[in-house]
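Reproduced below: upload.cif, with mmCIF, C-alpha atoms.
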```cif
data_entry
loop_
_atom_site.group_PDB
_atom_site.id
_atom_site.type_symbol
_atom_site.label_atom_id
_atom_site.label_comp_id
_atom_site.auth_asym_id
_atom_site.auth_seq_id
_atom_site.Cartn_x
_atom_site.Cartn_y
_atom_site.Cartn_z
ATOM 1 C CA MET C 1 0.000 0.000 0.000
ATOM 2 C CA ILE C 2 1.264 3.429 -0.940
ATOM 3 C CA THR C 3 -1.410 5.351 0.942
ATOM 4 C CA ASN C 4 -2.864 4.750 4.410
ATOM 5 C CA VAL C 5 -6.233 3.804 2.933
ATOM 6 C CA THR C 6 -7.117 0.156 3.464
ATOM 7 C CA GLU C 7 -10.281 -1.799 2.861
ATOM 8 C CA LYS C 8 -11.035 -1.575 6.573
ATOM 9 C CA SER C 9 -10.231 2.084 7.230
ATOM 10 C CA THR C 10 -13.307 4.164 7.980
ATOM 11 C CA GLU C 11 -12.102 7.653 7.110
ATOM 12 C CA ASN C 12 -13.756 9.185 4.045
ATOM 13 C CA VAL C 13 -11.617 9.471 0.917
ATOM 14 C CA CYS C 14 -13.847 12.182 -0.623
ATOM 15 C CA ASN C 15 -14.593 15.650 0.626
ATOM 16 C CA ILE C 16 -17.536 17.184 -1.205
ATOM 17 C CA SER C 17 -17.360 20.473 0.738
ATOM 18 C CA TYR C 18 -14.973 22.011 -1.836
ATOM 19 C CA LEU C 19 -17.336 21.151 -4.702
ATOM 20 C CA SER C 20 -20.313 22.411 -2.707
ATOM 21 C CA GLU C 21 -18.543 25.712 -2.073
ATOM 22 C CA ILE C 22 -17.610 26.143 -5.742
ATOM 23 C CA VAL C 23 -21.186 25.685 -6.981
ATOM 24 C CA GLY C 24 -22.723 27.710 -4.156
ATOM 25 C CA GLY C 25 -24.423 24.671 -2.620
ATOM 26 C CA LYS C 26 -26.791 24.247 -5.570
ATOM 27 C CA LYS C 27 -28.050 20.696 -5.165
ATOM 28 C CA ALA C 28 -28.974 19.974 -8.772
ATOM 29 C CA MET C 29 -25.543 21.076 -9.953
ATOM 30 C CA ILE C 30 -23.759 19.012 -7.312
ATOM 31 C CA LYS C 31 -25.798 15.941 -8.231
ATOM 32 C CA GLY C 32 -25.017 16.432 -11.930
ATOM 33 C CA ILE C 33 -21.293 16.639 -11.200
ATOM 34 C CA LEU C 34 -21.362 13.604 -8.903
ATOM 35 C CA ASP C 35 -23.159 11.630 -11.630
ATOM 36 C CA ALA C 36 -20.553 12.734 -14.183
ATOM 37 C CA PHE C 37 -17.767 11.641 -11.846
ATOM 38 C CA LEU C 38 -19.307 8.182 -11.386
ATOM 39 C CA ILE C 39 -19.639 7.730 -15.154
ATOM 40 C CA GLN C 40 -16.105 8.987 -15.738
ATOM 41 C CA VAL C 41 -14.399 6.698 -13.199
ATOM 42 C CA ALA C 42 -16.450 3.751 -14.407
ATOM 43 C CA ASN C 43 -14.658 4.265 -17.737
ATOM 44 C CA ASP C 44 -11.274 5.300 -16.361
ATOM 45 C CA LEU C 45 -10.658 2.348 -14.034
ATOM 46 C CA PRO C 46 -11.037 -0.401 -16.660
ATOM 47 C CA ALA C 47 -9.168 1.768 -19.171
ATOM 48 C CA ILE C 48 -6.137 2.125 -16.910
ATOM 49 C CA ASN C 49 -6.226 -1.610 -16.083
ATOM 50 C CA ASP C 50 -6.263 -2.359 -19.778
ATOM 51 C CA ALA C 51 -3.380 0.050 -20.433
ATOM 52 C CA ILE C 52 -1.311 -1.628 -17.698
ATOM 53 C CA VAL C 53 -1.989 -5.110 -19.116
ATOM 54 C CA LYS C 54 -0.820 -3.874 -22.511
ATOM 55 C CA THR C 55 2.062 -1.899 -20.950
ATOM 56 C CA ASP C 56 0.783 1.108 -22.873
ATOM 57 C CA TYR C 57 2.679 3.837 -21.055
ATOM 58 C CA GLY C 58 1.189 6.620 -23.173
ATOM 59 C CA ALA C 59 -2.341 5.606 -22.242
ATOM 60 C CA ILE C 60 -1.391 5.223 -18.551
ATOM 61 C CA LYS C 61 -0.004 8.758 -18.565
ATOM 62 C CA LYS C 62 -3.076 10.214 -20.305
ATOM 63 C CA ILE C 63 -5.629 8.514 -18.059
ATOM 64 C CA ALA C 64 -3.760 9.307 -14.840
ATOM 65 C CA HIS C 65 -3.394 12.889 -15.985
ATOM 66 C CA ALA C 66 -7.086 13.242 -16.836
ATOM 67 C CA MET C 67 -8.161 11.690 -13.533
ATOM 68 C CA LYS C 68 -6.134 14.175 -11.494
ATOM 69 C CA SER C 69 -8.410 17.143 -12.121
ATOM 70 C CA SER C 70 -11.586 15.114 -11.455
ATOM 71 C CA VAL C 71 -10.374 13.667 -8.162
ATOM 72 C CA SER C 72 -9.182 17.043 -6.918
ATOM 73 C CA ILE C 73 -12.699 18.434 -7.467
ATOM 74 C CA MET C 74 -14.039 15.534 -5.368
ATOM 75 C CA GLY C 75 -11.579 16.448 -2.603
ATOM 76 C CA MET C 76 -9.754 13.114 -2.971
ATOM 77 C CA SER C 77 -6.368 14.471 -1.926
ATOM 78 C CA VAL C 78 -5.222 11.007 -0.817
ATOM 79 C CA ILE C 79 -5.164 9.757 -4.422
ATOM 80 C CA LYS C 80 -3.309 12.712 -5.935
ATOM 81 C CA PRO C 81 0.271 11.475 -5.222
ATOM 82 C CA VAL C 82 -0.662 8.032 -6.611
ATOM 83 C CA LEU C 83 -1.909 9.519 -9.884
ATOM 84 C CA GLU C 84 1.047 11.890 -10.115
ATOM 85 C CA GLU C 85 3.485 9.003 -9.795
ATOM 86 C CA MET C 86 1.568 6.927 -12.336
ATOM 87 C CA GLU C 87 1.616 9.860 -14.747
ATOM 88 C CA THR C 88 5.341 10.414 -14.245
ATOM 89 C CA LEU C 89 6.150 6.727 -14.747
ATOM 90 C CA GLY C 90 3.874 6.637 -17.781
ATOM 91 C CA ALA C 91 5.650 9.671 -19.234
ATOM 92 C CA SER C 92 9.074 8.111 -18.688
ATOM 93 C CA ALA C 93 7.807 4.706 -19.906
ATOM 94 C CA THR C 94 9.423 2.846 -17.018
ATOM 95 C CA ASN C 95 8.659 0.515 -14.115
ATOM 96 C CA VAL C 96 5.363 -1.127 -14.962
ATOM 97 C CA GLU C 97 5.692 -3.204 -11.782
ATOM 98 C CA ARG C 98 5.547 -0.046 -9.674
ATOM 99 C CA ILE C 99 2.593 1.175 -11.745
ATOM 100 C CA LYS C 100 0.779 -2.090 -10.920
ATOM 101 C CA VAL C 101 1.302 -1.486 -7.190
ATOM 102 C CA LEU C 102 0.061 2.076 -7.523
ATOM 103 C CA ASN C 103 -2.922 0.844 -9.489
ATOM 104 C CA GLN C 104 -3.981 -1.391 -6.592
ATOM 105 C CA ASP C 105 -4.217 1.712 -4.414
ATOM 106 C CA LEU C 106 -6.001 3.615 -7.142
ATOM 107 C CA GLN C 107 -8.619 0.895 -7.613
ATOM 108 C CA LEU C 108 -9.186 0.550 -3.866
ATOM 109 C CA ILE C 109 -9.519 4.280 -3.179
ATOM 110 C CA VAL C 110 -11.746 4.968 -6.177
ATOM 111 C CA SER C 111 -13.983 2.010 -5.244
ATOM 112 C CA ARG C 112 -14.308 3.527 -1.772
ATOM 113 C CA ALA C 113 -15.046 6.912 -3.334
ATOM 114 C CA ILE C 114 -17.796 5.440 -5.501
ATOM 115 C CA ILE C 115 -19.562 4.030 -2.417
ATOM 116 C CA GLU C 116 -19.205 7.356 -0.585
ATOM 117 C CA ILE C 117 -20.524 9.344 -3.548
ATOM 118 C CA GLU C 118 -23.477 7.005 -4.068
ATOM 119 C CA LYS C 119 -24.403 7.660 -0.418
ATOM 120 C CA GLU C 120 -23.736 11.383 -0.747
ATOM 121 C CA LYS C 121 -26.009 11.605 -3.768
ATOM 122 C CA LEU C 122 -28.982 10.679 -1.586
ATOM 123 C CA HIS C 123 -28.690 14.149 -0.012
ATOM 124 C CA TYR C 124 -29.119 15.800 -3.391
ATOM 125 C CA VAL C 125 -32.235 14.066 -4.703
ATOM 126 C CA MET L 1 -24.344 43.726 -22.820
ATOM 127 C CA LYS L 2 -27.230 44.263 -20.392
ATOM 128 C CA ASN L 3 -29.886 42.459 -22.402
ATOM 129 C CA LYS L 4 -27.876 40.099 -24.542
ATOM 130 C CA PRO L 5 -26.256 37.169 -22.760
ATOM 131 C CA ILE L 6 -22.495 36.852 -22.825
ATOM 132 C CA LYS L 7 -21.823 33.658 -24.750
ATOM 133 C CA ILE L 8 -19.137 31.412 -23.325
ATOM 134 C CA PHE L 9 -17.978 28.126 -24.823
ATOM 135 C CA ILE L 10 -16.097 25.670 -22.630
ATOM 136 C CA VAL L 11 -14.155 23.177 -24.735
ATOM 137 C CA GLU L 12 -12.897 20.500 -22.340
ATOM 138 C CA ASP L 13 -12.933 16.695 -22.590
ATOM 139 C CA ASN L 14 -13.145 16.117 -18.837
ATOM 140 C CA ASP L 15 -16.887 16.206 -18.038
ATOM 141 C CA VAL L 16 -16.408 16.605 -14.300
ATOM 142 C CA PHE L 17 -14.080 19.556 -14.736
ATOM 143 C CA ALA L 18 -16.249 21.168 -17.439
ATOM 144 C CA LEU L 19 -19.480 20.881 -15.427
ATOM 145 C CA THR L 20 -17.779 22.197 -12.294
ATOM 146 C CA LEU L 21 -16.277 25.119 -14.176
ATOM 147 C CA LYS L 22 -19.674 25.984 -15.705
ATOM 148 C CA ALA L 23 -21.358 25.854 -12.292
ATOM 149 C CA ASP L 24 -18.553 27.896 -10.751
ATOM 150 C CA ILE L 25 -18.778 30.658 -13.377
ATOM 151 C CA GLU L 26 -22.587 30.815 -13.128
ATOM 152 C CA ASN L 27 -22.322 31.015 -9.356
ATOM 153 C CA TYR L 28 -19.525 33.587 -9.239
ATOM 154 C CA PHE L 29 -20.933 35.883 -11.944
ATOM 155 C CA ASP L 30 -24.572 35.457 -10.932
ATOM 156 C CA ASN L 31 -25.241 39.168 -11.598
ATOM 157 C CA LEU L 32 -24.508 38.703 -15.307
ATOM 158 C CA LEU L 33 -26.622 37.118 -18.000
ATOM 159 C CA LEU L 34 -24.492 34.249 -19.268
ATOM 160 C CA ASN L 35 -25.032 31.557 -21.864
ATOM 161 C CA ILE L 36 -22.474 28.807 -21.279
ATOM 162 C CA GLN L 37 -22.207 25.824 -23.605
ATOM 163 C CA LEU L 38 -19.996 22.766 -23.191
ATOM 164 C CA PHE L 39 -18.116 20.819 -25.867
ATOM 165 C CA LYS L 40 -15.705 17.907 -25.599
ATOM 166 C CA THR L 41 -13.552 18.740 -28.623
ATOM 167 C CA GLY L 42 -12.789 21.612 -30.938
ATOM 168 C CA GLU L 43 -14.346 19.631 -33.787
ATOM 169 C CA GLU L 44 -17.613 19.261 -31.861
ATOM 170 C CA SER L 45 -17.726 22.995 -31.118
ATOM 171 C CA TRP L 46 -16.793 24.201 -34.605
ATOM 172 C CA GLU L 47 -20.220 24.564 -36.254
ATOM 173 C CA LYS L 48 -21.698 26.302 -33.215
ATOM 174 C CA PHE L 49 -18.624 28.505 -32.969
ATOM 175 C CA ARG L 50 -19.208 29.718 -36.519
ATOM 176 C CA THR L 51 -22.954 30.304 -36.131
ATOM 177 C CA GLU L 52 -23.209 31.507 -32.536
ATOM 178 C CA LYS L 53 -20.039 33.612 -32.381
ATOM 179 C CA PRO L 54 -19.253 33.298 -28.660
ATOM 180 C CA HIS L 55 -17.601 36.239 -26.896
ATOM 181 C CA VAL L 56 -15.333 33.952 -24.872
ATOM 182 C CA VAL L 57 -13.940 30.442 -25.256
ATOM 183 C CA ILE L 58 -12.330 28.592 -22.367
ATOM 184 C CA LEU L 59 -10.234 26.040 -24.168
ATOM 185 C CA ASP L 60 -8.350 23.080 -22.728
ATOM 186 C CA TYR L 61 -4.891 22.515 -24.166
ATOM 187 C CA ASN L 62 -5.064 18.690 -23.875
ATOM 188 C CA LEU L 63 -8.186 17.781 -25.793
ATOM 189 C CA ASN L 64 -7.092 14.317 -26.820
ATOM 190 C CA SER L 65 -6.865 12.514 -23.484
ATOM 191 C CA LYS L 66 -10.079 10.586 -24.175
ATOM 192 C CA ILE L 67 -10.632 11.037 -27.908
ATOM 193 C CA SER L 68 -7.210 10.295 -29.314
ATOM 194 C CA ASP L 69 -7.751 11.790 -32.778
ATOM 195 C CA ALA L 70 -9.142 15.101 -31.456
ATOM 196 C CA SER L 71 -7.097 18.184 -32.284
ATOM 197 C CA ASP L 72 -5.260 19.710 -29.364
ATOM 198 C CA GLY L 73 -6.109 23.109 -27.912
ATOM 199 C CA SER L 74 -3.294 24.965 -29.679
ATOM 200 C CA GLU L 75 -4.652 23.898 -33.090
ATOM 201 C CA VAL L 76 -8.232 24.741 -32.135
ATOM 202 C CA LEU L 77 -7.100 28.175 -30.912
ATOM 203 C CA VAL L 78 -5.720 28.903 -34.382
ATOM 204 C CA TRP L 79 -9.008 27.883 -36.081
ATOM 205 C CA PHE L 80 -11.046 30.037 -33.718
ATOM 206 C CA LYS L 81 -8.889 33.141 -34.076
ATOM 207 C CA ARG L 82 -8.792 32.748 -37.861
ATOM 208 C CA GLU L 83 -12.601 32.489 -38.005
ATOM 209 C CA ASN L 84 -13.242 35.287 -35.516
ATOM 210 C CA PRO L 85 -10.256 37.446 -34.493
ATOM 211 C CA GLU L 86 -12.441 39.234 -31.915
ATOM 212 C CA VAL L 87 -13.080 36.130 -29.796
ATOM 213 C CA LYS L 88 -11.331 36.049 -26.411
ATOM 214 C CA VAL L 89 -9.772 32.642 -25.785
ATOM 215 C CA ILE L 90 -8.590 31.576 -22.329
ATOM 216 C CA LEU L 91 -6.340 28.546 -22.674
ATOM 217 C CA LEU L 92 -6.191 26.009 -19.834
ATOM 218 C CA THR L 93 -3.146 23.839 -19.419
ATOM 219 C CA SER L 94 -1.982 21.301 -16.876
ATOM 220 C CA GLU L 95 1.642 22.293 -17.014
ATOM 221 C CA ASP L 96 3.219 25.635 -16.351
ATOM 222 C CA SER L 97 5.261 25.754 -19.533
ATOM 223 C CA THR L 98 6.734 29.005 -20.784
ATOM 224 C CA ASP L 99 6.899 27.596 -24.328
ATOM 225 C CA ILE L 100 3.184 26.778 -24.366
ATOM 226 C CA ALA L 101 2.375 30.188 -22.888
ATOM 227 C CA ILE L 102 4.404 32.075 -25.486
ATOM 228 C CA GLN L 103 2.986 29.971 -28.308
ATOM 229 C CA SER L 104 -0.559 30.575 -27.040
ATOM 230 C CA PHE L 105 -0.145 34.343 -26.861
ATOM 231 C CA ARG L 106 1.456 34.357 -30.318
ATOM 232 C CA ASN L 107 -1.588 32.521 -31.622
ATOM 233 C CA GLY L 108 -3.896 35.117 -30.113
ATOM 234 C CA ALA L 109 -4.909 33.699 -26.720
ATOM 235 C CA PHE L 110 -6.308 36.328 -24.370
ATOM 236 C CA ASP L 111 -5.005 34.521 -21.301
ATOM 237 C CA TYR L 112 -3.339 31.337 -20.154
ATOM 238 C CA VAL L 113 -4.392 29.568 -16.944
ATOM 239 C CA VAL L 114 -2.568 26.632 -15.380
ATOM 240 C CA LYS L 115 -4.807 23.967 -13.826
ATOM 241 C CA ASN L 116 -3.939 23.801 -10.139
ATOM 242 C CA GLU L 117 -5.523 24.558 -6.766
ATOM 243 C CA ALA L 118 -6.059 28.213 -7.701
ATOM 244 C CA GLN L 119 -7.459 27.459 -11.176
ATOM 245 C CA PHE L 120 -11.023 28.685 -10.585
ATOM 246 C CA LYS L 121 -9.899 31.945 -8.965
ATOM 247 C CA LYS L 122 -7.527 32.600 -11.872
ATOM 248 C CA ILE L 123 -10.335 31.952 -14.355
ATOM 249 C CA HIS L 124 -12.546 34.426 -12.453
ATOM 250 C CA ILE L 125 -9.883 37.133 -12.821
ATOM 251 C CA SER L 126 -9.400 36.332 -16.476
ATOM 252 C CA LEU L 127 -13.154 36.385 -17.175
ATOM 253 C CA PHE L 128 -13.533 39.608 -15.209
ATOM 254 C CA ASN L 129 -10.962 41.202 -17.540
ATOM 255 C CA VAL L 130 -12.680 39.745 -20.611
ATOM 256 C CA PHE L 131 -16.110 41.027 -19.520
ATOM 257 C CA ASN L 132 -14.693 44.525 -18.948
ATOM 258 C CA LEU L 133 -13.065 44.468 -22.355
ATOM 259 C CA VAL L 134 -16.252 43.243 -24.079
ATOM 260 C CA ARG L 135 -18.226 45.998 -22.292
ATOM 261 C CA LEU L 136 -15.714 48.648 -23.391
ATOM 262 C CA GLU L 137 -15.763 47.359 -26.961
ATOM 263 C CA ASN L 138 -19.574 47.462 -26.967
ATOM 264 C CA GLU L 139 -19.583 50.999 -25.546
ATOM 265 C CA THR L 140 -17.027 52.134 -28.112
ATOM 266 C CA SER L 141 -19.170 50.618 -30.842
ATOM 267 C CA THR L 142 -22.268 52.397 -29.486
ATOM 268 C CA TYR L 143 -20.474 55.787 -29.348
ATOM 269 C CA LYS L 144 -19.109 55.201 -32.842
ATOM 270 C CA ASN L 145 -22.659 54.597 -34.107
ATOM 271 C CA ILE L 146 -23.924 57.742 -32.342
ATOM 272 C CA VAL L 147 -21.162 59.862 -33.932
ATOM 273 C CA ILE L 148 -21.916 58.388 -37.368
ATOM 274 C CA GLY L 149 -25.614 59.164 -36.813
ATOM 275 C CA ILE L 150 -24.875 62.788 -35.862
ATOM 276 C CA VAL L 151 -22.582 63.294 -38.859
ATOM 277 C CA LEU L 152 -25.189 61.830 -41.240
ATOM 278 C CA SER L 153 -27.968 63.978 -39.735
ATOM 279 C CA LEU L 154 -25.832 67.093 -40.109
ATOM 280 C CA ALA L 155 -25.055 66.171 -43.701
ATOM 281 C CA VAL L 156 -28.768 65.725 -44.480
ATOM 282 C CA LEU L 157 -29.595 68.985 -42.721
ATOM 283 C CA LEU L 158 -26.897 70.969 -44.485
ATOM 284 C CA GLY L 159 -27.757 69.364 -47.793
ATOM 285 C CA GLY L 160 -31.403 70.258 -47.240
ATOM 286 C CA MET L 161 -30.562 73.856 -46.394
ATOM 287 C CA ALA L 162 -28.463 74.149 -49.503
ATOM 288 C CA ALA L 163 -31.291 72.726 -51.582
ATOM 289 C CA ILE L 164 -33.782 75.219 -50.128
ATOM 290 C CA ARG L 165 -31.651 78.095 -51.515
ATOM 291 C CA PHE L 166 -32.266 76.757 -55.025
ATOM 292 C CA VAL L 167 -36.038 76.464 -54.612
ATOM 293 C CA PRO L 168 -36.792 80.076 -55.677
ATOM 294 C CA MET L 169 -34.551 79.625 -58.704
ATOM 295 C CA LEU L 170 -36.388 76.495 -59.639
ATOM 296 C CA LEU L 171 -39.709 78.288 -59.272
ATOM 297 C CA GLY L 172 -38.458 80.946 -61.678
ATOM 298 C CA ASN L 173 -38.420 83.855 -59.150
#
```

Entire entry expressed as C-alpha cells:
Amino acid sequence: MITNVTEKSTENVCNISYLSEIVGGKKAMIKGILDAFLIQVANDLPAINDAIVKTDYGAIKKIAHAMKSSVSIMGMSVIKPVLEEMETLGASATNVERIKVLNQDLQLIVSRAIIEIEKEKLHYV
Amino acid sequence: MKNKPIKIFIVEDNDVFALTLKADIENYFDNLLLNIQLFKTGEESWEKFRTEKPHVVILDYNLNSKISDASDGSEVLVWFKRENPEVKVILLTSEDSTDIAIQSFRNGAFDYVVKNEAQFKKIHISLFNVFNLVRLENETSTYKNIVIGIVLSLAVLLGGMAAIRFVPMLLGN
C-alpha cells in the first residue's frame, strides 16, 4: 500500500465540501457533477487496467493525468500522489511493476469513493 | 451587454471539470446574464462557434486525453482566431510551460491559466478582464454609431438647407 487507505479504514476518501462551495451549494448542480464523476471513473478504471496489461505507457499517462483534475474536485487528496506518480512513470515509460502497485491503491480508493458518492447523492435528490 | 447574454464556450474533454467550471462561473458571476455551452472537442464545437459567435472560449490545451484523434487546444485556438479574431480565448493547461504560454499568446490567446488549486480563482480574474473588455468594446461601438448618426444627420440637414436656396430659382423667381 502506498497510501494509508485500506479496505477496513473508515475515514472518508472524498470531501464534497470544496465542490459544494464552488457551486454555491446548488443541489442539482452538485448531483449532476457527482453523476458525471461516477460515469467517468467507471470508464477510467477499466481503461487504466487495460493500459497496464498492454504496458501502454502513453495511455497510462493520459488517463492518470485526466483523472487528477476530477479527483481534486471531489476532494480526494489522498489519491493525488498516486496519480502523479503513475503519470510520471507513464511519461518516462518505465517501471510497470511499480505502476501495478500504484494501481492497486487507485482501484481501492476509487472504489471507496464510488460508495461514498453514491451515499452522498442521496442528499441531493 | 445588459440584455444580450455573454456567450461562453467551454471546450474541455473532462466532463467533471467542465461541469464544475460551468457551475462555478454561473455562481460567481450570478449578476450577469451568461449563456455557457460545453463541448468535448474543438471539432464538436466548430459549427456552433461559426454560427453563434461566442464572446469567450475557455479552451483546454489537452483535448485528446479521451478522444485520441481530437485536435489539441493549440490547433483549435488557431481555427477560432482565424474564423473570428475578436473572440477572447482563455487557454487552460496542466503544465506551467513558458513555451506553451508564449505559443498561445502568439496565436492570439487572451489569457493562459494553469490547472492547479487556484485554477477557478484565476479563471474568475481572467473572465472579469474579458467582460470589462467586451463591455468597453460594446460601448465604443455604441459611441461610434452615435457619432456616425450625428454626422449623417448634419449632412442631411446641411444638404437640405443648400437645396432650399435653389427652390426660388427652380420656381423661376

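Checking C:Glu97, C:Asp35, C:Glu11, C:Glu116 one by one against chain L, counting all atoms listed in the file, you find the shortest gap at C:Asp35.
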
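Across the model, the gap from atom CA of Leu63 of chain L to atom CA of Leu38 of chain C is 20.6 Å.
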
Notebook entry, point to check: Expanded to explicit residues, what is the PyMOL selection byres ((chain L and resi 98-102) around 12) for this file, as an MDAnalysis selection string?
Noted result: chainID L and resid 61:62 73:74 90:97 103:114

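All of the residues in chain C within 6 Å of chain L are Ile22, Val23, Ile33, Ala36, Phe37, Lys62 and Ser70 of chain C, where all atoms listed in the file were counted.
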
Evaluated on this file, the PyMOL selection byres ((chain C and resi 55) around 12) picks out some residues - which ones are they, written as a PDB file with C-alpha atoms, keeping the file's coordinate frame?
```pdb
ATOM      1  CA  ALA C  47      -9.168   1.768 -19.171  1.00  0.00           C
ATOM      2  CA  ILE C  48      -6.137   2.125 -16.910  1.00  0.00           C
ATOM      3  CA  ASN C  49      -6.226  -1.610 -16.083  1.00  0.00           C
ATOM      4  CA  ASP C  50      -6.263  -2.359 -19.778  1.00  0.00           C
ATOM      5  CA  ALA C  51      -3.380   0.050 -20.433  1.00  0.00           C
ATOM      6  CA  ILE C  52      -1.311  -1.628 -17.698  1.00  0.00           C
ATOM      7  CA  VAL C  53      -1.989  -5.110 -19.116  1.00  0.00           C
ATOM      8  CA  LYS C  54      -0.820  -3.874 -22.511  1.00  0.00           C
ATOM      9  CA  ASP C  56       0.783   1.108 -22.873  1.00  0.00           C
ATOM     10  CA  TYR C  57       2.679   3.837 -21.055  1.00  0.00           C
ATOM     11  CA  GLY C  58       1.189   6.620 -23.173  1.00  0.00           C
ATOM     12  CA  ALA C  59      -2.341   5.606 -22.242  1.00  0.00           C
ATOM     13  CA  ILE C  60      -1.391   5.223 -18.551  1.00  0.00           C
ATOM     14  CA  LYS C  61      -0.004   8.758 -18.565  1.00  0.00           C
ATOM     15  CA  LEU C  89       6.150   6.727 -14.747  1.00  0.00           C
ATOM     16  CA  GLY C  90       3.874   6.637 -17.781  1.00  0.00           C
ATOM     17  CA  ALA C  93       7.807   4.706 -19.906  1.00  0.00           C
ATOM     18  CA  THR C  94       9.423   2.846 -17.018  1.00  0.00           C
ATOM     19  CA  ASN C  95       8.659   0.515 -14.115  1.00  0.00           C
ATOM     20  CA  VAL C  96       5.363  -1.127 -14.962  1.00  0.00           C
ATOM     21  CA  GLU C  97       5.692  -3.204 -11.782  1.00  0.00           C
ATOM     22  CA  ARG C  98       5.547  -0.046  -9.674  1.00  0.00           C
ATOM     23  CA  ILE C  99       2.593   1.175 -11.745  1.00  0.00           C
ATOM     24  CA  LYS C 100       0.779  -2.090 -10.920  1.00  0.00           C
TER      25      LYS C 100
END
```

Next item on the list: Might you pull out every residue within 12 Å of segment 136-143 of chain L, with all atoms listed in the file counted and same-chain residues fewer than 5 positions away left off, and present them as number ranges by chain?
Entry: L: 1-2, 4, 6, 55, 86-87, 129-131, 148-150

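Distance-wise, atom CA of Phe9 of chain L and atom CA of Leu127 of chain L end up 12.2 Å apart.
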
Next item on the list: Could you list the residues chosen by the PyMOL selection byres ((chain L and resi 10) around 7) in this structure as a PyMOL selection string?
Entry: chain L and resi 8-9+11-12+18+37-39+57-59

Margin query: Taking only C-alpha atoms into account, name the residue in C:Ile117, C:Leu122, C:Ala64, C:Val78 that is nearest to Asn103 of chain C.
Written below: C:Ala64

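Pairwise distance (atom CA of Met86 of chain C, atom CA of Asp72 of chain L) equals 22.4 Å.
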
Note to self: I'd like to know which of C:Thr88, C:Ser111, C:Gln104, C:Ser72 is closest to Tyr18 of chain C, using only C-alpha atoms.
What the structure shows: C:Ser72

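Of the residues under consideration (L:Asp69, L:Glu83, L:Ile36, L:Ser153), L:Glu83 shows the shortest atom-to-atom contact distance to Thr51 of chain L when counting all atoms listed in the file.
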
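The closest residue to Ser17 of chain C, picked from C:Val41, C:Val82, C:Met74, C:Ile63 and counting only C-alpha atoms, is C:Met74.
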
Since the input is missing atoms, can you rebuild N, CA, C and O atoms for segment 141-152 of chain L and write them as a PDB file, keeping the file's coordinate frame?
```pdb
ATOM      1  N   SER L 141     -18.368  50.831 -29.638  1.00  0.00           N
ATOM      2  CA  SER L 141     -19.170  50.618 -30.842  1.00  0.00           C
ATOM      3  C   SER L 141     -20.438  51.475 -30.807  1.00  0.00           C
ATOM      4  O   SER L 141     -20.830  52.078 -31.807  1.00  0.00           O
ATOM      5  N   THR L 142     -21.058  51.585 -29.619  1.00  0.00           N
ATOM      6  CA  THR L 142     -22.268  52.397 -29.486  1.00  0.00           C
ATOM      7  C   THR L 142     -21.944  53.863 -29.767  1.00  0.00           C
ATOM      8  O   THR L 142     -22.658  54.541 -30.523  1.00  0.00           O
ATOM      9  N   TYR L 143     -20.850  54.377 -29.135  1.00  0.00           N
ATOM     10  CA  TYR L 143     -20.474  55.787 -29.348  1.00  0.00           C
ATOM     11  C   TYR L 143     -20.134  56.033 -30.814  1.00  0.00           C
ATOM     12  O   TYR L 143     -20.479  57.070 -31.377  1.00  0.00           O
ATOM     13  N   LYS L 144     -19.481  55.065 -31.423  1.00  0.00           N
ATOM     14  CA  LYS L 144     -19.109  55.201 -32.842  1.00  0.00           C
ATOM     15  C   LYS L 144     -20.384  55.342 -33.684  1.00  0.00           C
ATOM     16  O   LYS L 144     -20.465  56.204 -34.555  1.00  0.00           O
ATOM     17  N   ASN L 145     -21.398  54.534 -33.370  1.00  0.00           N
ATOM     18  CA  ASN L 145     -22.659  54.597 -34.107  1.00  0.00           C
ATOM     19  C   ASN L 145     -23.361  55.932 -33.884  1.00  0.00           C
ATOM     20  O   ASN L 145     -23.954  56.496 -34.809  1.00  0.00           O
ATOM     21  N   ILE L 146     -23.288  56.447 -32.636  1.00  0.00           N
ATOM     22  CA  ILE L 146     -23.924  57.742 -32.342  1.00  0.00           C
ATOM     23  C   ILE L 146     -23.249  58.847 -33.159  1.00  0.00           C
ATOM     24  O   ILE L 146     -23.917  59.684 -33.772  1.00  0.00           O
ATOM     25  N   VAL L 147     -21.913  58.834 -33.182  1.00  0.00           N
ATOM     26  CA  VAL L 147     -21.162  59.862 -33.932  1.00  0.00           C
ATOM     27  C   VAL L 147     -21.511  59.781 -35.420  1.00  0.00           C
ATOM     28  O   VAL L 147     -21.781  60.803 -36.063  1.00  0.00           O
ATOM     29  N   ILE L 148     -21.562  58.559 -35.947  1.00  0.00           N
ATOM     30  CA  ILE L 148     -21.916  58.388 -37.368  1.00  0.00           C
ATOM     31  C   ILE L 148     -23.315  58.948 -37.619  1.00  0.00           C
ATOM     32  O   ILE L 148     -23.565  59.667 -38.596  1.00  0.00           O
ATOM     33  N   GLY L 149     -24.236  58.673 -36.688  1.00  0.00           N
ATOM     34  CA  GLY L 149     -25.614  59.164 -36.813  1.00  0.00           C
ATOM     35  C   GLY L 149     -25.662  60.685 -36.837  1.00  0.00           C
ATOM     36  O   GLY L 149     -26.359  61.287 -37.661  1.00  0.00           O
ATOM     37  N   ILE L 150     -24.894  61.314 -35.923  1.00  0.00           N
ATOM     38  CA  ILE L 150     -24.875  62.788 -35.862  1.00  0.00           C
ATOM     39  C   ILE L 150     -24.315  63.368 -37.157  1.00  0.00           C
ATOM     40  O   ILE L 150     -24.887  64.304 -37.735  1.00  0.00           O
ATOM     41  N   VAL L 151     -23.220  62.800 -37.626  1.00  0.00           N
ATOM     42  CA  VAL L 151     -22.582  63.294 -38.859  1.00  0.00           C
ATOM     43  C   VAL L 151     -23.551  63.179 -40.036  1.00  0.00           C
ATOM     44  O   VAL L 151     -23.719  64.111 -40.824  1.00  0.00           O
ATOM     45  N   LEU L 152     -24.232  62.030 -40.132  1.00  0.00           N
ATOM     46  CA  LEU L 152     -25.189  61.830 -41.240  1.00  0.00           C
ATOM     47  C   LEU L 152     -26.342  62.819 -41.149  1.00  0.00           C
ATOM     48  O   LEU L 152     -26.774  63.399 -42.148  1.00  0.00           O
TER      49      LEU L 152
END
```
